>>> print(open('coords37.txt').read())   # compact mmCIF, C-alpha atoms and all ligand atoms
# COMPACT_ATOMS: atom_id res chain seq x y z
CA MET A 7 -65.96 -66.22 -74.60
CA ILE A 8 -68.46 -67.92 -72.34
CA ASP A 9 -72.08 -68.19 -73.40
CA GLN A 10 -72.06 -70.96 -75.95
CA ALA A 11 -75.16 -69.85 -77.82
CA SER A 12 -73.82 -66.32 -78.14
CA PHE A 13 -70.35 -67.48 -79.02
CA ALA A 14 -71.82 -69.60 -81.75
CA VAL A 15 -73.36 -66.50 -83.24
CA TRP A 16 -69.96 -64.85 -83.39
CA PHE A 17 -68.53 -67.94 -85.02
CA SER A 18 -71.28 -68.25 -87.53
CA VAL A 19 -70.63 -64.74 -88.77
CA ARG A 20 -67.42 -65.71 -90.54
CA ARG A 21 -66.97 -69.45 -90.17
CA ASP A 22 -63.75 -69.53 -92.16
CA ASP A 23 -61.89 -67.45 -89.61
CA ARG A 24 -62.77 -69.76 -86.73
CA LEU A 25 -61.40 -68.52 -83.51
CA GLY A 26 -57.74 -67.73 -83.61
CA GLY A 27 -57.37 -67.27 -87.33
CA VAL A 28 -57.70 -63.53 -86.80
CA GLY A 29 -56.47 -61.28 -84.00
CA GLN A 30 -54.36 -62.50 -81.10
CA TYR A 31 -56.08 -65.39 -79.38
CA GLU A 32 -52.86 -65.84 -77.36
CA GLN A 33 -53.97 -63.48 -74.59
CA THR A 34 -57.16 -65.45 -73.97
CA ALA A 35 -55.14 -68.65 -74.04
CA VAL A 36 -53.05 -67.35 -71.15
CA GLU A 37 -56.25 -66.58 -69.20
CA LEU A 38 -57.49 -70.13 -69.80
CA LYS A 39 -54.29 -71.88 -68.72
CA PRO A 40 -55.55 -72.76 -65.20
CA VAL A 41 -58.44 -74.68 -66.76
CA ALA A 42 -56.08 -76.62 -69.04
CA GLU A 43 -54.00 -77.48 -65.99
CA HIS A 44 -57.13 -78.60 -64.12
CA VAL A 45 -58.30 -80.78 -67.02
CA VAL A 46 -54.87 -82.40 -67.38
CA SER A 47 -54.63 -83.06 -63.64
CA LEU A 48 -58.07 -84.73 -63.66
CA ALA A 49 -56.88 -86.96 -66.53
CA GLN A 50 -54.18 -88.46 -64.25
CA LEU A 51 -51.91 -89.09 -67.23
CA GLN A 52 -49.39 -91.88 -67.13
CA PRO A 53 -45.99 -91.56 -68.82
CA GLY A 54 -46.18 -92.71 -72.44
CA GLU A 55 -49.97 -92.49 -72.70
CA ARG A 56 -51.20 -91.30 -76.07
CA VAL A 57 -53.22 -88.12 -75.52
CA LEU A 58 -55.31 -86.25 -78.07
CA ASP A 59 -55.97 -82.54 -77.36
CA LEU A 60 -58.85 -81.24 -79.46
CA ALA A 61 -59.23 -77.60 -80.53
CA ILE A 62 -55.96 -76.79 -78.83
CA GLY A 63 -55.70 -73.05 -79.45
CA THR A 64 -52.09 -72.33 -78.59
CA GLY A 65 -51.64 -75.84 -77.14
CA ASN A 66 -52.12 -75.27 -73.39
CA ALA A 67 -53.42 -78.74 -72.50
CA ALA A 68 -51.13 -80.58 -74.94
CA ILE A 69 -48.13 -78.84 -73.41
CA PHE A 70 -49.17 -79.67 -69.83
CA ALA A 71 -49.70 -83.28 -70.99
CA ALA A 72 -46.26 -83.46 -72.60
CA ARG A 73 -44.64 -82.05 -69.47
CA SER A 74 -46.20 -84.90 -67.49
CA GLY A 75 -44.56 -87.48 -69.76
CA ALA A 76 -47.56 -88.33 -71.93
CA VAL A 77 -47.34 -88.18 -75.73
CA PRO A 78 -49.79 -85.59 -77.03
CA THR A 79 -51.24 -84.94 -80.45
CA GLY A 80 -53.01 -81.60 -80.86
CA LEU A 81 -55.59 -80.61 -83.46
CA ASP A 82 -57.19 -77.26 -84.25
CA ALA A 83 -59.07 -75.66 -87.14
CA ALA A 84 -56.83 -72.56 -87.11
CA ALA A 85 -53.52 -73.13 -88.91
CA ARG A 86 -51.94 -70.06 -87.32
CA LEU A 87 -52.56 -71.41 -83.83
CA ILE A 88 -51.14 -74.80 -84.76
CA ASP A 89 -47.90 -72.98 -85.66
CA VAL A 90 -47.94 -71.19 -82.30
CA ALA A 91 -48.47 -74.48 -80.43
CA ARG A 92 -45.69 -76.18 -82.39
CA ALA A 93 -43.27 -73.37 -81.57
CA ARG A 94 -44.20 -73.48 -77.87
CA ALA A 95 -43.64 -77.22 -77.64
CA ALA A 96 -40.37 -77.00 -79.59
CA SER A 97 -39.06 -74.23 -77.34
CA GLU A 98 -39.40 -76.61 -74.37
CA GLY A 99 -38.06 -79.60 -76.31
CA LEU A 100 -41.34 -81.47 -75.76
CA ASP A 101 -42.42 -84.52 -77.72
CA ALA A 102 -45.74 -83.49 -79.28
CA SER A 103 -47.30 -83.38 -82.74
CA PHE A 104 -49.88 -80.96 -84.06
CA LEU A 105 -52.16 -80.81 -87.06
CA VAL A 106 -54.94 -78.75 -88.59
CA GLY A 107 -58.34 -80.47 -88.58
CA ASP A 108 -61.99 -80.49 -87.60
CA VAL A 109 -63.07 -82.04 -84.30
CA GLN A 110 -66.13 -83.41 -86.09
CA ALA A 111 -64.09 -85.55 -88.53
CA LEU A 112 -60.92 -86.72 -86.83
CA PRO A 113 -58.16 -88.05 -89.08
CA PHE A 114 -57.26 -90.88 -86.67
CA ASP A 115 -57.96 -94.60 -86.49
CA ASP A 116 -60.42 -96.00 -83.98
CA HIS A 117 -58.89 -96.64 -80.52
CA ALA A 118 -55.75 -94.59 -81.29
CA PHE A 119 -55.52 -92.77 -77.91
CA GLU A 120 -55.78 -93.62 -74.24
CA VAL A 121 -56.98 -90.10 -73.43
CA ALA A 122 -58.79 -87.30 -75.29
CA LEU A 123 -58.95 -83.77 -73.89
CA SER A 124 -60.59 -80.53 -74.97
CA VAL A 125 -60.48 -77.22 -73.13
CA PHE A 126 -63.42 -75.11 -74.34
CA GLY A 127 -62.89 -76.52 -77.83
CA VAL A 128 -65.30 -79.32 -78.74
CA ILE A 129 -68.12 -77.12 -77.40
CA PHE A 130 -67.80 -75.03 -80.59
CA ALA A 131 -68.55 -77.90 -82.95
CA ASN A 132 -71.75 -77.34 -84.92
CA ASP A 133 -72.72 -80.96 -84.39
CA ALA A 134 -72.22 -81.86 -80.73
CA ASN A 135 -73.28 -85.47 -81.18
CA ARG A 136 -70.79 -86.00 -83.99
CA ALA A 137 -67.96 -84.27 -82.11
CA LEU A 138 -68.50 -86.30 -78.94
CA GLY A 139 -68.84 -89.44 -81.05
CA GLU A 140 -65.50 -88.74 -82.72
CA MET A 141 -63.83 -88.07 -79.38
CA ILE A 142 -65.09 -91.44 -78.11
CA ARG A 143 -64.36 -93.35 -81.34
CA VAL A 144 -60.63 -92.62 -81.13
CA LEU A 145 -60.39 -93.84 -77.51
CA ALA A 146 -58.81 -97.19 -76.76
CA PRO A 147 -60.92 -99.62 -74.68
CA GLY A 148 -61.01 -98.31 -71.11
CA GLY A 149 -59.94 -94.87 -72.32
CA ARG A 150 -61.18 -91.56 -70.96
CA ALA A 151 -62.10 -88.17 -72.35
CA LEU A 152 -62.27 -84.87 -70.47
CA LEU A 153 -63.72 -81.69 -71.86
CA SER A 154 -64.33 -78.36 -70.21
CA VAL A 155 -67.50 -76.38 -70.87
CA TRP A 156 -68.68 -73.03 -69.60
CA VAL A 157 -71.47 -72.78 -67.06
CA PRO A 158 -73.40 -69.81 -68.43
CA THR A 159 -73.40 -67.39 -65.53
CA GLY A 160 -71.21 -64.52 -64.32
CA PRO A 161 -70.23 -61.14 -65.78
CA ILE A 162 -68.17 -62.38 -68.73
CA ASP A 163 -70.94 -64.70 -69.80
CA ALA A 164 -73.38 -61.80 -69.52
CA MET A 165 -71.06 -59.53 -71.52
CA VAL A 166 -70.57 -62.07 -74.29
CA GLY A 167 -74.30 -62.75 -74.31
CA THR A 168 -74.96 -59.04 -74.82
CA PHE A 169 -72.61 -58.85 -77.80
CA GLY A 170 -73.88 -62.17 -79.15
CA ARG A 171 -77.53 -61.12 -79.06
CA ALA A 172 -76.71 -57.81 -80.72
CA ILE A 173 -74.86 -59.65 -83.50
CA ALA A 174 -77.76 -62.04 -83.90
CA THR A 175 -80.06 -59.05 -84.30
CA ALA A 176 -77.68 -57.38 -86.76
CA THR A 177 -77.18 -60.48 -88.90
CA GLY A 178 -80.46 -62.33 -88.46
CA VAL A 179 -78.47 -65.47 -87.60
CA THR A 180 -79.41 -67.27 -84.39
CA PRO A 181 -78.01 -70.79 -84.47
CA THR A 182 -79.12 -73.26 -81.85
CA ARG A 183 -76.37 -74.88 -79.83
CA PHE A 184 -76.09 -77.92 -77.65
CA ALA A 185 -76.33 -77.06 -73.92
CA TRP A 186 -73.01 -78.51 -72.78
CA HIS A 187 -73.57 -77.13 -69.28
CA ASP A 188 -76.77 -79.19 -68.90
CA THR A 189 -75.68 -82.38 -67.14
CA GLU A 190 -78.80 -84.35 -68.13
CA ALA A 191 -78.44 -83.39 -71.79
CA VAL A 192 -74.77 -84.41 -71.70
CA ARG A 193 -75.61 -87.71 -70.00
CA GLU A 194 -78.18 -88.44 -72.69
CA LEU A 195 -75.69 -87.57 -75.45
CA ALA A 196 -73.02 -89.82 -73.93
CA THR A 197 -75.49 -92.70 -73.59
CA ARG A 198 -75.98 -92.62 -77.36
CA HIS A 199 -72.29 -93.53 -77.63
CA ASN A 200 -72.40 -96.15 -74.84
CA ALA A 201 -70.32 -93.90 -72.63
CA HIS A 202 -70.70 -92.79 -69.01
CA VAL A 203 -70.12 -89.28 -67.70
CA SER A 204 -69.21 -87.63 -64.42
CA PHE A 205 -68.74 -83.95 -63.70
CA HIS A 206 -66.16 -81.75 -61.94
CA ASP A 207 -66.96 -78.09 -61.32
CA GLY A 208 -64.40 -75.29 -61.29
CA GLU A 209 -64.10 -71.50 -61.32
CA LEU A 210 -61.81 -69.35 -63.42
CA ARG A 211 -60.68 -65.97 -62.10
CA VAL A 212 -60.14 -63.34 -64.77
CA THR A 213 -58.23 -60.19 -63.85
CA ALA A 214 -57.15 -56.92 -65.46
CA SER A 215 -56.19 -53.46 -64.28
CA SER A 216 -59.79 -52.20 -64.71
CA PRO A 217 -63.07 -53.18 -66.41
CA GLU A 218 -62.24 -50.71 -69.20
CA ALA A 219 -58.79 -52.20 -69.71
CA TYR A 220 -60.29 -55.69 -69.94
CA LEU A 221 -62.81 -54.57 -72.54
CA VAL A 222 -60.24 -52.60 -74.57
CA ALA A 223 -57.81 -55.53 -74.61
CA ASN A 224 -60.55 -57.77 -75.93
CA GLU A 225 -61.55 -55.19 -78.52
CA GLN A 226 -57.99 -54.98 -79.75
CA LEU A 227 -57.01 -58.62 -79.66
CA HIS A 228 -59.82 -61.11 -79.34
CA PRO A 229 -60.81 -62.77 -82.61
CA MET A 230 -64.50 -62.59 -81.67
CA SER A 231 -64.38 -58.86 -81.08
CA LEU A 232 -62.42 -58.20 -84.24
CA THR A 233 -64.91 -60.22 -86.24
CA GLY A 234 -68.06 -58.92 -84.60
CA ARG A 235 -67.32 -55.23 -84.15
CA PRO A 236 -67.58 -54.21 -87.84
CA LEU A 237 -70.99 -55.88 -88.04
CA LEU A 238 -72.29 -53.94 -85.07
CA GLU A 239 -70.75 -50.72 -86.37
CA GLN A 240 -72.48 -51.30 -89.68
CA ALA A 241 -75.76 -51.84 -87.82
CA GLY A 242 -75.09 -48.64 -85.83
CA SER A 243 -75.35 -50.41 -82.46
CA TYR A 244 -71.72 -50.85 -81.42
CA SER A 245 -71.40 -47.87 -79.03
CA GLN A 246 -74.60 -48.73 -77.21
CA VAL A 247 -73.77 -52.43 -76.89
CA ARG A 248 -70.25 -51.55 -75.74
CA GLU A 249 -71.71 -49.31 -72.99
CA GLN A 250 -73.97 -52.15 -71.85
CA ALA A 251 -71.00 -54.54 -71.80
CA LEU A 252 -68.91 -52.12 -69.76
CA HIS A 253 -71.78 -51.64 -67.31
CA ILE A 254 -72.01 -55.42 -66.86
CA LEU A 255 -68.27 -55.68 -66.18
CA ARG A 256 -68.35 -52.80 -63.67
CA GLN A 257 -71.38 -54.27 -61.87
CA GLY A 258 -69.78 -57.70 -61.61
CA ASN A 259 -66.32 -56.48 -60.65
CA GLU A 260 -65.11 -58.09 -57.41
CA ASP A 261 -62.06 -55.84 -56.98
CA PRO A 262 -62.70 -52.11 -56.49
CA GLN A 263 -58.98 -51.34 -57.02
CA ALA A 264 -58.71 -53.18 -60.36
CA PHE A 265 -60.79 -55.86 -62.12
CA ARG A 266 -61.53 -59.40 -61.09
CA VAL A 267 -64.46 -61.60 -62.12
CA THR A 268 -65.24 -65.28 -61.67
CA SER A 269 -66.42 -67.57 -64.46
CA PRO A 270 -67.71 -71.01 -63.49
CA TYR A 271 -66.96 -73.98 -65.73
CA ARG A 272 -67.49 -77.73 -65.66
CA VAL A 273 -65.24 -80.58 -66.73
CA ILE A 274 -67.12 -83.49 -68.26
CA GLU A 275 -65.31 -86.79 -67.75
CA VAL A 276 -66.34 -89.45 -70.24
CA SER A 277 -65.48 -93.10 -69.71
CA ILE A 278 -66.14 -96.00 -72.06
C1 LIG B 1 -61.84 -70.96 -76.84
S1 LIG B 1 -60.63 -71.62 -77.89
C2 LIG B 1 -59.86 -72.80 -76.82
C3 LIG B 1 -58.47 -73.13 -77.22
C4 LIG B 1 -57.65 -73.97 -76.27
N1 LIG B 1 -58.21 -75.27 -76.04
C5 LIG B 1 -57.35 -73.26 -74.98
O1 LIG B 1 -57.60 -73.82 -73.92
O2 LIG B 1 -56.85 -72.13 -75.00
C6 LIG B 1 -61.52 -72.58 -79.06
C7 LIG B 1 -60.66 -73.24 -80.13
O3 LIG B 1 -61.50 -74.09 -80.90
C8 LIG B 1 -61.04 -74.09 -82.25
N2 LIG B 1 -62.15 -74.64 -83.04
C9 LIG B 1 -63.40 -74.13 -83.18
N3 LIG B 1 -64.15 -74.95 -83.94
C10 LIG B 1 -63.35 -76.01 -84.28
C11 LIG B 1 -63.55 -77.21 -85.04
N4 LIG B 1 -64.73 -77.50 -85.59
N5 LIG B 1 -62.52 -78.07 -85.20
C12 LIG B 1 -61.30 -77.80 -84.64
N6 LIG B 1 -61.06 -76.68 -83.90
C13 LIG B 1 -62.07 -75.81 -83.72
C14 LIG B 1 -60.66 -72.67 -82.49
O4 LIG B 1 -59.80 -72.51 -83.59
C15 LIG B 1 -60.01 -72.31 -81.14
O5 LIG B 1 -58.63 -72.52 -81.16
>>> encode(input="coords37.txt", output="structure tokens")
Amino acid sequence: MIDQASFAVWFSVRRDDRLGGVGQYEQTAVELKPVAEHVVSLAQLQPGERVLDLAIGTGNAAIFAARSGAVPTGLDAAARLIDVARARAASEGLDASFLVGDVQALPFDDHAFEVALSVFGVIFANDANRALGEMIRVLAPGGRALLSVWVPTGPIDAMVGTFGRAIATATGVTPTRFAWHDTEAVRELATRHNAHVSFHDGELRVTASSPEAYLVANEQLHPMSLTGRPLLEQAGSYSQVREQALHILRQGNEDPQAFRVTSPYRVIEVSI
């Protein structure tokens, strides 16, 4: 879930599925909730502000935004997750609208929102320049955008990197990805759109009852695992890669009684 280059390899295997179209992305969405809450708190939303949440998954950030009195619109490529987000918002009686779409071609007028958010979503766009440009285009003058990106370090990043490299070897596909964690690269990208950036660092704690339980849950539910595993099995490397992944999780485990690891992330704040 962390290393963007490796994650991109998973994505590129079956683009049509995107993340969330298969499996149960919901469990990961629960893990990521603290980051959505952090991003929304940094946005300092005012009641009535129009907020766009991009690549919403199950709608974490949009729902936090609606609870704070803002008026969110959420967009994601996976229709199934849009349904989940809609149901979540409806169950709380929140005022929010959701639609299926691509972050690289937003179906909104220029200047339509005061705030744009994305929690580990825009980072998966093939064309980072276009995605950031779209995020900025829809902002009203003086508007702000906040997007979280992974800082590629820590056990989960290492685990995902291991699977990602194995899939790249199995498929021969190694796409290049924009380094969203690289502050200078992000600054340069934002400058192209006449925008300024600042950065806020955070850490996400991920827990489970054991390293094995964490890995098994991901194998059973995570869209990336469900998409990638058959390819590695076909290549005959799954068992070996799985062992390496488990070793990484055990080595990085901070809780000898269970499982706890820390994944650093960064929130990029864009102002225009
Ligand atoms: C790691 S999930 C994050 C979801 C959510 N923001 C959260 O915090 O749980 C990435 C999301 O990006 C979506 N996605 C990937 N590429 C996309 C694209 N080009 N346009 C719209 N959504 C996309 C996936 O469907 C998935 O829901």
>>> closest_residue(input="coords37.txt", among="A:Ile142, A:Ala223, A:Leu60, A:Ala49", to="His117 (chain A)", atoms="all atoms listed in the file")
A:Ile142
>>> closest_atom_pairs(input="coords37.txt", of="chain A", to="ligand LIG 1 (chain B)", cutoff="9 Å", atoms="all atoms listed in the file", output="CSV")
residue,atom,partner,partner_atom,distance
A:Met7,CA,B:LIG1,C1,6.7
A:Ile8,CA,B:LIG1,C1,8.6
A:Phe17,CA,B:LIG1,C9,8.2
A:Arg21,CA,B:LIG1,N3,8.8
A:Asp23,CA,B:LIG1,O4,8.1
A:Arg24,CA,B:LIG1,O4,5.1
A:Leu25,CA,B:LIG1,O4,4.3
A:Gly26,CA,B:LIG1,O4,5.2
A:Gly27,CA,B:LIG1,O4,6.9
A:Tyr31,CA,B:LIG1,O5,7.8
A:Glu32,CA,B:LIG1,O2,7.8
A:Thr34,CA,B:LIG1,O2,6.8
A:Ala35,CA,B:LIG1,O2,4.0
A:Val36,CA,B:LIG1,O2,7.2
A:Glu37,CA,B:LIG1,O2,8.0
A:Leu38,CA,B:LIG1,O1,5.5
A:Lys39,CA,B:LIG1,O1,6.5
A:Val41,CA,B:LIG1,O1,7.3
A:Ala42,CA,B:LIG1,O1,5.8
A:Asp59,CA,B:LIG1,N1,7.7
A:Leu60,CA,B:LIG1,C12,6.7
A:Ala61,CA,B:LIG1,N6,3.9
A:Ile62,CA,B:LIG1,N1,3.9
A:Gly63,CA,B:LIG1,O5,3.4
A:Thr64,CA,B:LIG1,O2,6.0
A:Gly65,CA,B:LIG1,C4,6.4
A:Asn66,CA,B:LIG1,O1,5.7
A:Ala67,CA,B:LIG1,O1,6.6
A:Ala68,CA,B:LIG1,N1,8.9
A:Leu81,CA,B:LIG1,C12,6.5
A:Asp82,CA,B:LIG1,N6,3.9
A:Ala83,CA,B:LIG1,N6,3.9
A:Ala84,CA,B:LIG1,O4,4.6
A:Ala85,CA,B:LIG1,O4,8.3
A:Leu87,CA,B:LIG1,O5,6.7
A:Ile88,CA,B:LIG1,O5,8.6
A:Val106,CA,B:LIG1,C12,7.5
A:Gly107,CA,B:LIG1,C12,5.6
A:Asp108,CA,B:LIG1,N5,3.4
A:Val109,CA,B:LIG1,N5,4.1
A:Gln110,CA,B:LIG1,N4,6.1
A:Ala111,CA,B:LIG1,N5,8.3
A:Leu112,CA,B:LIG1,N5,8.9
A:Leu123,CA,B:LIG1,N1,8.8
A:Ser124,CA,B:LIG1,N1,5.9
A:Val125,CA,B:LIG1,N1,4.2
A:Phe126,CA,B:LIG1,C2,4.9
A:Gly127,CA,B:LIG1,O3,4.2
A:Val128,CA,B:LIG1,C10,6.7
A:Ile129,CA,B:LIG1,N3,8.0
A:Phe130,CA,B:LIG1,N3,5.0
A:Ala131,CA,B:LIG1,N4,4.7
A:Asn132,CA,B:LIG1,N4,7.1
A:Asp133,CA,B:LIG1,N4,8.8
A:Ala137,CA,B:LIG1,N4,8.3
A:Ser154,CA,B:LIG1,O1,8.9
>>> residues_around(input="coords37.txt", residues="region 50-54 of chain A", least_positions_apart="2", cutoff="12 Å", atoms="all atoms listed in the file", output="PyMOL selection string")
chain A and resi 43-48+56-58+67-68+70-78+101-102+119-123+149-152+275
>>> closest_residue(input="coords37.txt", among="A:Thr159, A:Asn200, A:Thr177, A:Thr168", to="Arg248 (chain A)", atoms="only C-alpha atoms")
A:Thr168
>>> atom_distance(input="coords37.txt", atom1="CA of Leu105 (chain A)", atom2="CA of Ala93 (chain A)")
12.8 Å
>>> atom_distance(input="coords37.txt", atom1="CA of Val144 (chain A)", atom2="CA of Ser97 (chain A)")
28.6 Å
>>> closest_residue(input="coords37.txt", among="A:Pro113, A:Gly148, A:Gly242, A:Pro40", to="Ser277 (chain A)", atoms="all atoms listed in the file")
A:Gly148
>>> atom_distance(input="coords37.txt", atom1="CA of Thr182 (chain A)", atom2="CA of Pro158 (chain A)")
15.0 Å
>>> closest_atom_pairs(input="coords37.txt", of="region 52-145 of chain A", to="region 184-199 of chain A", cutoff="7 Å", atoms="only C-alpha atoms", output="Markdown table")
| residue | atom | partner | partner_atom | distance |
| --- | --- | --- | --- | --- |
| A:Ile129 | CA | A:Trp186 | CA | 6.9 |
| A:Ala134 | CA | A:Phe184 | CA | 6.3 |
| A:Asn135 | CA | A:Leu195 | CA | 6.6 |
| A:Gly139 | CA | A:His199 | CA | 6.4 |
>>> residues_around(input="coords37.txt", residues="Val273 (chain A)", least_positions_apart="2", cutoff="6 Å", atoms="all atoms listed in the file", output="JSON, numbers by chain")
{"A": [153, 154, 205, 206]}
>>> closest_residue(input="coords37.txt", among="A:Ala95, A:Leu255, A:Leu210, A:Val222", to="Arg272 (chain A)", atoms="only C-alpha atoms")
A:Leu210
>>> closest_residue(input="coords37.txt", among="A:Ala241, A:Leu100, A:Ala201, A:Val267", to="Ile173 (chain A)", atoms="all atoms listed in the file")
A:Ala241
>>> closest_residue(input="coords37.txt", among="A:Val179, A:Ile162, A:Ile278, A:Ala91", to="Arg211 (chain A)", atoms="only C-alpha atoms")
A:Ile162
>>> decode(input="coords37.txt", residues="region 140-155 of chain A", atoms="N, CA and C atoms", output="short mmCIF file (atom, residue, chain, number, x, y, z; two decimals), in the first residue's frame")
data_model
loop_
_atom_site.label_atom_id
_atom_site.label_comp_id
_atom_site.auth_asym_id
_atom_site.auth_seq_id
_atom_site.Cartn_x
_atom_site.Cartn_y
_atom_site.Cartn_z
N GLU A 140 -5.38 19.39 -12.51
CA GLU A 140 -6.84 19.31 -12.39
C GLU A 140 -7.30 19.71 -10.99
N MET A 141 -6.55 19.25 -10.00
CA MET A 141 -6.89 19.57 -8.61
C MET A 141 -6.85 21.10 -8.40
N ILE A 142 -5.87 21.73 -9.02
CA ILE A 142 -5.70 23.18 -8.88
C ILE A 142 -6.73 23.92 -9.74
N ARG A 143 -7.00 23.42 -10.93
CA ARG A 143 -7.95 24.09 -11.84
C ARG A 143 -9.31 24.29 -11.20
N VAL A 144 -9.76 23.30 -10.42
CA VAL A 144 -11.13 23.39 -9.87
C VAL A 144 -11.19 24.24 -8.59
N LEU A 145 -10.03 24.74 -8.14
CA LEU A 145 -10.02 25.57 -6.92
C LEU A 145 -10.43 27.00 -7.21
N ALA A 146 -11.25 27.54 -6.34
CA ALA A 146 -11.61 28.96 -6.42
C ALA A 146 -10.39 29.80 -6.04
N PRO A 147 -10.33 31.07 -6.49
CA PRO A 147 -9.19 31.92 -6.12
C PRO A 147 -9.00 31.92 -4.60
N GLY A 148 -7.76 31.74 -4.17
CA GLY A 148 -7.48 31.67 -2.73
C GLY A 148 -7.74 30.31 -2.13
N GLY A 149 -8.11 29.36 -2.97
CA GLY A 149 -8.45 28.01 -2.47
C GLY A 149 -7.22 27.22 -2.07
N ARG A 150 -7.45 26.05 -1.48
CA ARG A 150 -6.32 25.24 -1.01
C ARG A 150 -6.58 23.77 -1.31
N ALA A 151 -5.50 23.06 -1.55
CA ALA A 151 -5.59 21.61 -1.78
C ALA A 151 -4.64 20.92 -0.82
N LEU A 152 -5.09 19.77 -0.30
CA LEU A 152 -4.22 18.98 0.59
C LEU A 152 -4.25 17.53 0.16
N LEU A 153 -3.08 16.98 -0.08
CA LEU A 153 -3.04 15.57 -0.46
C LEU A 153 -1.96 14.83 0.32
N SER A 154 -2.33 13.63 0.77
CA SER A 154 -1.35 12.85 1.53
C SER A 154 -0.63 11.89 0.59
N VAL A 155 0.65 11.71 0.88
CA VAL A 155 1.51 10.82 0.08
C VAL A 155 2.33 9.98 1.05
#
